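Q: Right, I'll just put the structure down here and ask away after.
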Amino acid sequence: MRVDNLVEEVGEDYADAVLPGQHWEKRSYTDCDFTEADLRELVTTGCTFTRCDFTRTDLGESKHQATAFRQCTFDRTVLTRASFSSCSLMGSNFVDCVLRPITFTEVDFTLASFAKAPLHGLKLSGQRFRETNLSEADLRNTDLSKADLIGARLLDAKLEGADLRGAAVDANGLRQAKLAGALIDIEQAIAFAAAYGLVVS
């Protein structure tokens with residue numbers, strides 16, 4: 001079911017709504033409550049969600065194209081087999097969500113929080129993680145090549161076996177992560193060594 005044409009909603013209550021299989025295009029939602037809503041197989045195109053609550057919402061198999069989720073709450077949200085392409089998740093918070101399998105393509109995660117999130121084995125190459133909270137996140141064997149991780153919080157992040165080649169990352173941030181077996185390039189190795197006070201000659 002397609003629902004579109006520049007709909008703008010503020011403070012609407014969609015808690016417990018059953019709306020599977022819909023297609024929303026160019027819609028805007030601000031401060032809306034989607035708690036425990038059934039939004040399976042939802043398709044969004046060019047939509048904007050600002051400060052919306054998706055606590056325990058079922059977004060399984062949903063697809064999002066050029067959609068922005070700004071400062072939204074995803075708490076125990078089901079995102080199994082969801083896909084996000086050319087989307088922004090800026091400032092959104094993900095807590096105890098079901099995230100795998102999931103697909104991210106050209107997504108901006110700036111200022112988002114994925115603390116303790118299970119992101120292992122995902123393909124996140126080239127994604128933007130500026131100042132993203134990845135503390136204690138499980139990123140083992142994750143492809144982060146060419147990702148932008150400048151300012152990302154990596155305290156106790158599990159990066160064992162991750163591919164970091166070509167990624168923009170603060171060497172001091174890497175010092176806080178668990179890196180055994182991670183793949184890095186020569187420039188990163190030199191910066192990492194310098195962060196530990198070593199002299200490379």
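Following the order of the structure tokens, first chain is A, next is B, and so on, with residues numbered from 1 inside each chain and ligands from 1 in the order they appear.
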Assign secondary structure with DSSP using the backbone only, and return the residues of chain A in alpha helix (DSSP H) as a ChimeraX atom specification.
A: /A:171-175,186-195
Q: Output all heavy atoms of each residue in that selection to a file, as a short mmCIF file (atom, residue, chain, number, x, y, z; two decimals), in the first residue's frame.
A:
```
data_model
loop_
_atom_site.label_atom_id
_atom_site.label_comp_id
_atom_site.auth_asym_id
_atom_site.auth_seq_id
_atom_site.Cartn_x
_atom_site.Cartn_y
_atom_site.Cartn_z
N ALA A 171 44.27 7.54 15.67
CA ALA A 171 45.14 6.51 16.25
C ALA A 171 44.87 6.33 17.73
O ALA A 171 44.89 5.22 18.27
CB ALA A 171 46.60 6.88 16.02
N ASN A 172 44.59 7.43 18.44
CA ASN A 172 44.30 7.33 19.88
C ASN A 172 43.02 6.55 20.12
O ASN A 172 42.86 5.87 21.13
CB ASN A 172 44.20 8.73 20.49
CG ASN A 172 45.56 9.39 20.64
OD1 ASN A 172 46.55 8.72 20.87
ND2 ASN A 172 45.60 10.71 20.49
N GLY A 173 42.07 6.65 19.17
CA GLY A 173 40.85 5.86 19.30
C GLY A 173 41.14 4.38 19.17
O GLY A 173 40.58 3.55 19.91
N LEU A 174 42.03 4.03 18.26
CA LEU A 174 42.39 2.63 18.08
C LEU A 174 43.06 2.06 19.33
O LEU A 174 42.94 0.86 19.61
CB LEU A 174 43.32 2.47 16.88
CG LEU A 174 42.70 2.66 15.49
CD1 LEU A 174 43.76 2.50 14.42
CD2 LEU A 174 41.56 1.67 15.27
N ARG A 175 43.76 2.89 20.06
CA ARG A 175 44.42 2.43 21.28
C ARG A 175 43.41 1.90 22.29
O ARG A 175 43.75 1.05 23.12
CB ARG A 175 45.22 3.56 21.92
CG ARG A 175 46.45 3.99 21.14
CD ARG A 175 47.16 5.13 21.81
NE ARG A 175 47.62 4.77 23.16
CZ ARG A 175 48.24 5.61 23.98
NH1 ARG A 175 48.43 6.87 23.62
NH2 ARG A 175 48.63 5.21 25.17
N ILE A 186 49.78 0.74 5.83
CA ILE A 186 51.05 1.24 6.33
C ILE A 186 50.89 2.58 7.05
O ILE A 186 51.44 2.79 8.13
CB ILE A 186 52.07 1.38 5.18
CG1 ILE A 186 52.39 0.00 4.59
CG2 ILE A 186 53.34 2.04 5.69
CD1 ILE A 186 53.00 -0.97 5.57
N GLU A 187 50.13 3.49 6.46
CA GLU A 187 49.94 4.80 7.09
C GLU A 187 49.30 4.68 8.46
O GLU A 187 49.66 5.38 9.41
CB GLU A 187 49.10 5.70 6.18
CG GLU A 187 49.82 6.12 4.90
CD GLU A 187 48.98 7.08 4.08
OE1 GLU A 187 47.88 7.47 4.54
OE2 GLU A 187 49.41 7.44 2.97
N GLN A 188 48.32 3.79 8.57
CA GLN A 188 47.66 3.59 9.87
C GLN A 188 48.63 2.98 10.87
O GLN A 188 48.62 3.35 12.05
CB GLN A 188 46.45 2.68 9.69
CG GLN A 188 45.30 3.32 8.91
CD GLN A 188 44.25 2.30 8.52
OE1 GLN A 188 44.54 1.12 8.31
NE2 GLN A 188 43.00 2.74 8.41
N ALA A 189 49.47 2.07 10.41
CA ALA A 189 50.44 1.43 11.30
C ALA A 189 51.42 2.45 11.86
O ALA A 189 51.76 2.43 13.05
CB ALA A 189 51.19 0.33 10.55
N ILE A 190 51.85 3.38 11.00
CA ILE A 190 52.79 4.42 11.45
C ILE A 190 52.12 5.35 12.46
O ILE A 190 52.69 5.69 13.50
CB ILE A 190 53.32 5.22 10.24
CG1 ILE A 190 54.19 4.31 9.36
CG2 ILE A 190 54.09 6.44 10.70
CD1 ILE A 190 54.61 4.96 8.05
N ALA A 191 50.88 5.75 12.17
CA ALA A 191 50.16 6.63 13.09
C ALA A 191 49.90 5.94 14.42
O ALA A 191 49.99 6.56 15.49
CB ALA A 191 48.83 7.06 12.45
N PHE A 192 49.60 4.65 14.36
CA PHE A 192 49.32 3.87 15.58
C PHE A 192 50.60 3.76 16.42
O PHE A 192 50.57 3.92 17.65
CB PHE A 192 48.80 2.50 15.19
CG PHE A 192 48.33 1.68 16.36
CD1 PHE A 192 47.25 2.10 17.14
CD2 PHE A 192 48.94 0.47 16.69
CE1 PHE A 192 46.81 1.34 18.21
CE2 PHE A 192 48.49 -0.29 17.77
CZ PHE A 192 47.43 0.15 18.52
N ALA A 193 51.72 3.51 15.73
CA ALA A 193 52.99 3.43 16.44
C ALA A 193 53.33 4.76 17.11
O ALA A 193 53.79 4.82 18.26
CB ALA A 193 54.11 3.02 15.48
N ALA A 194 53.09 5.86 16.38
CA ALA A 194 53.38 7.19 16.94
C ALA A 194 52.51 7.48 18.16
O ALA A 194 52.94 8.12 19.12
CB ALA A 194 53.16 8.25 15.87
N ALA A 195 51.27 6.98 18.14
CA ALA A 195 50.36 7.19 19.27
C ALA A 195 50.88 6.51 20.53
O ALA A 195 50.57 6.91 21.65
CB ALA A 195 48.97 6.67 18.93
#
```
Q: Using only C-alpha atoms, which protein or nucleic acid residues come within 8 Å of A:Arg70? Drop anything in the same chain fewer than 3 positions from it, and give the result as a list in words.
A: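 Here the qualifying residues turn out to be Thr48, Phe49, Thr50, Arg51, Ser88, Leu89, Met90, Gly91 and Ser92 of chain A.
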Q: Go through A:Asp38, A:Glu25, A:Asp33, A:Asp108 one by one, measure the shortest atom-to-atom distance of each to A:Val10 using only C-alpha atoms, and give the residue with the smallest value.
A: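 Nearest candidate to A:Val10 out of A:Asp38, A:Glu25, A:Asp33, A:Asp108: A:Asp33.
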Q: Residues near A:Ser83, anyone? I mean within 7 Å using only C-alpha atoms, not counting same-chain ones fewer than 6 positions away, as a CSV table (one decimal) with C-alpha atoms, in the first residue's frame.
A:
```csv
chain,number,residue,atom,x,y,z
A,62,SER,CA,11.9,-2.9,5.7
A,63,LYS,CA,13.7,-0.9,3.0
A,64,HIS,CA,14.7,2.8,3.3
A,102,ILE,CA,21.1,-5.9,7.9
A,103,THR,CA,22.3,-3.9,4.9
A,104,PHE,CA,23.8,-0.4,5.0
```
Q: Give me every strand (DSSP E) residue in stretch 65-190 of chain A, going by DSSP on the backbone, as number ranges by chain.
A: A: 65, 68-70, 73-75, 82-85, 93-95, 102-105, 148-149, 168-169
Q: Would you pick out the contacts of A:Glu61 at 7 Å or less, using only C-alpha atoms, so that residues sharing its chain but fewer than 6 positions from it are not included, and give the list as a ChimeraX atom specification?
A: /A:40-41,80-82
Q: Can those selected residues be exported to a file as a PDB file, in the first residue's frame so that it contains N, CA and C atoms?
A:
```pdb
ATOM      1  N   ARG A  40       6.526  -4.118   9.564  1.00  0.00           N
ATOM      2  CA  ARG A  40       7.275  -5.067   8.732  1.00  0.00           C
ATOM      3  C   ARG A  40       7.110  -4.752   7.249  1.00  0.00           C
ATOM      4  N   GLU A  41       8.216  -4.886   6.528  1.00  0.00           N
ATOM      5  CA  GLU A  41       8.242  -4.686   5.071  1.00  0.00           C
ATOM      6  C   GLU A  41       7.862  -3.260   4.659  1.00  0.00           C
ATOM      7  N   THR A  80      15.729  -6.984  11.491  1.00  0.00           N
ATOM      8  CA  THR A  80      16.221  -8.132  10.733  1.00  0.00           C
ATOM      9  C   THR A  80      15.914  -7.985   9.245  1.00  0.00           C
ATOM     10  N   ARG A  81      16.952  -8.130   8.432  1.00  0.00           N
ATOM     11  CA  ARG A  81      16.851  -8.056   6.968  1.00  0.00           C
ATOM     12  C   ARG A  81      16.376  -6.686   6.472  1.00  0.00           C
ATOM     13  N   ALA A  82      16.531  -5.655   7.297  1.00  0.00           N
ATOM     14  CA  ALA A  82      16.228  -4.295   6.842  1.00  0.00           C
ATOM     15  C   ALA A  82      17.386  -3.788   5.992  1.00  0.00           C
TER      16      ALA A  82
END
```
Q: Which residue is closest to A:Asn93? Choose from A:Asp13, A:Asp148, A:Asp31, A:Asp75 and count only C-alpha atoms.
A: A:Asp75
Q: Report, in Å to a single decimal, how far apart atom CA of A:Ser113 and atom CA of A:Glu12 are.
A: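 Separation between atom CA of A:Glu12 and atom CA of A:Ser113: 24.9 Å.
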Q: Taking only C-alpha atoms into account, which of A:Thr44, A:Thr57, A:Asp163, A:His120 comes nearest A:Asp16?
A: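 The shortest atom-to-atom distance to A:Asp16 comes from A:Thr57.
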Q: Considering only C-alpha atoms, give me a table of residues in stretch 62-121 of chain A that are at most 8 Å from stretch 130-145 of chain A, with the closest atom pair and distance in Å for each, as CSV.
A:
```
residue,atom,partner,partner_atom,distance
A:Phe109,CA,A:Thr132,CA,6.5
A:Thr110,CA,A:Arg130,CA,4.7
A:Leu111,CA,A:Thr132,CA,4.5
A:Ala112,CA,A:Thr132,CA,5.0
A:Ser113,CA,A:Asn133,CA,4.5
A:Phe114,CA,A:Leu134,CA,5.2
A:Ala115,CA,A:Ser135,CA,4.8
A:Lys116,CA,A:Ala137,CA,3.9
A:Ala117,CA,A:Ala137,CA,4.7
A:Pro118,CA,A:Asp138,CA,5.0
A:Leu119,CA,A:Leu139,CA,5.2
A:His120,CA,A:Leu139,CA,4.3
A:Gly121,CA,A:Thr142,CA,4.2
```
Q: Let's have the selection written as a PDB file, in the first residue's frame, with C-alpha atoms.
A:
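Listing of selection20.pdb after writing:
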```pdb
ATOM      1  CA  PHE A 109      25.925   7.463  11.254  1.00  0.00           C
ATOM      2  CA  THR A 110      27.339  10.763  12.578  1.00  0.00           C
ATOM      3  CA  LEU A 111      26.731  11.169  16.341  1.00  0.00           C
ATOM      4  CA  ALA A 112      24.671   7.955  16.453  1.00  0.00           C
ATOM      5  CA  SER A 113      25.140   5.430  19.261  1.00  0.00           C
ATOM      6  CA  PHE A 114      25.739   1.721  18.692  1.00  0.00           C
ATOM      7  CA  ALA A 115      27.245   0.979  22.106  1.00  0.00           C
ATOM      8  CA  LYS A 116      27.479  -2.809  22.652  1.00  0.00           C
ATOM      9  CA  ALA A 117      25.718  -3.404  19.309  1.00  0.00           C
ATOM     10  CA  PRO A 118      26.237  -6.733  17.454  1.00  0.00           C
ATOM     11  CA  LEU A 119      27.709  -5.508  14.153  1.00  0.00           C
ATOM     12  CA  HIS A 120      30.134  -8.360  13.569  1.00  0.00           C
ATOM     13  CA  GLY A 121      30.712  -9.533  10.030  1.00  0.00           C
TER      14      GLY A 121
END
```
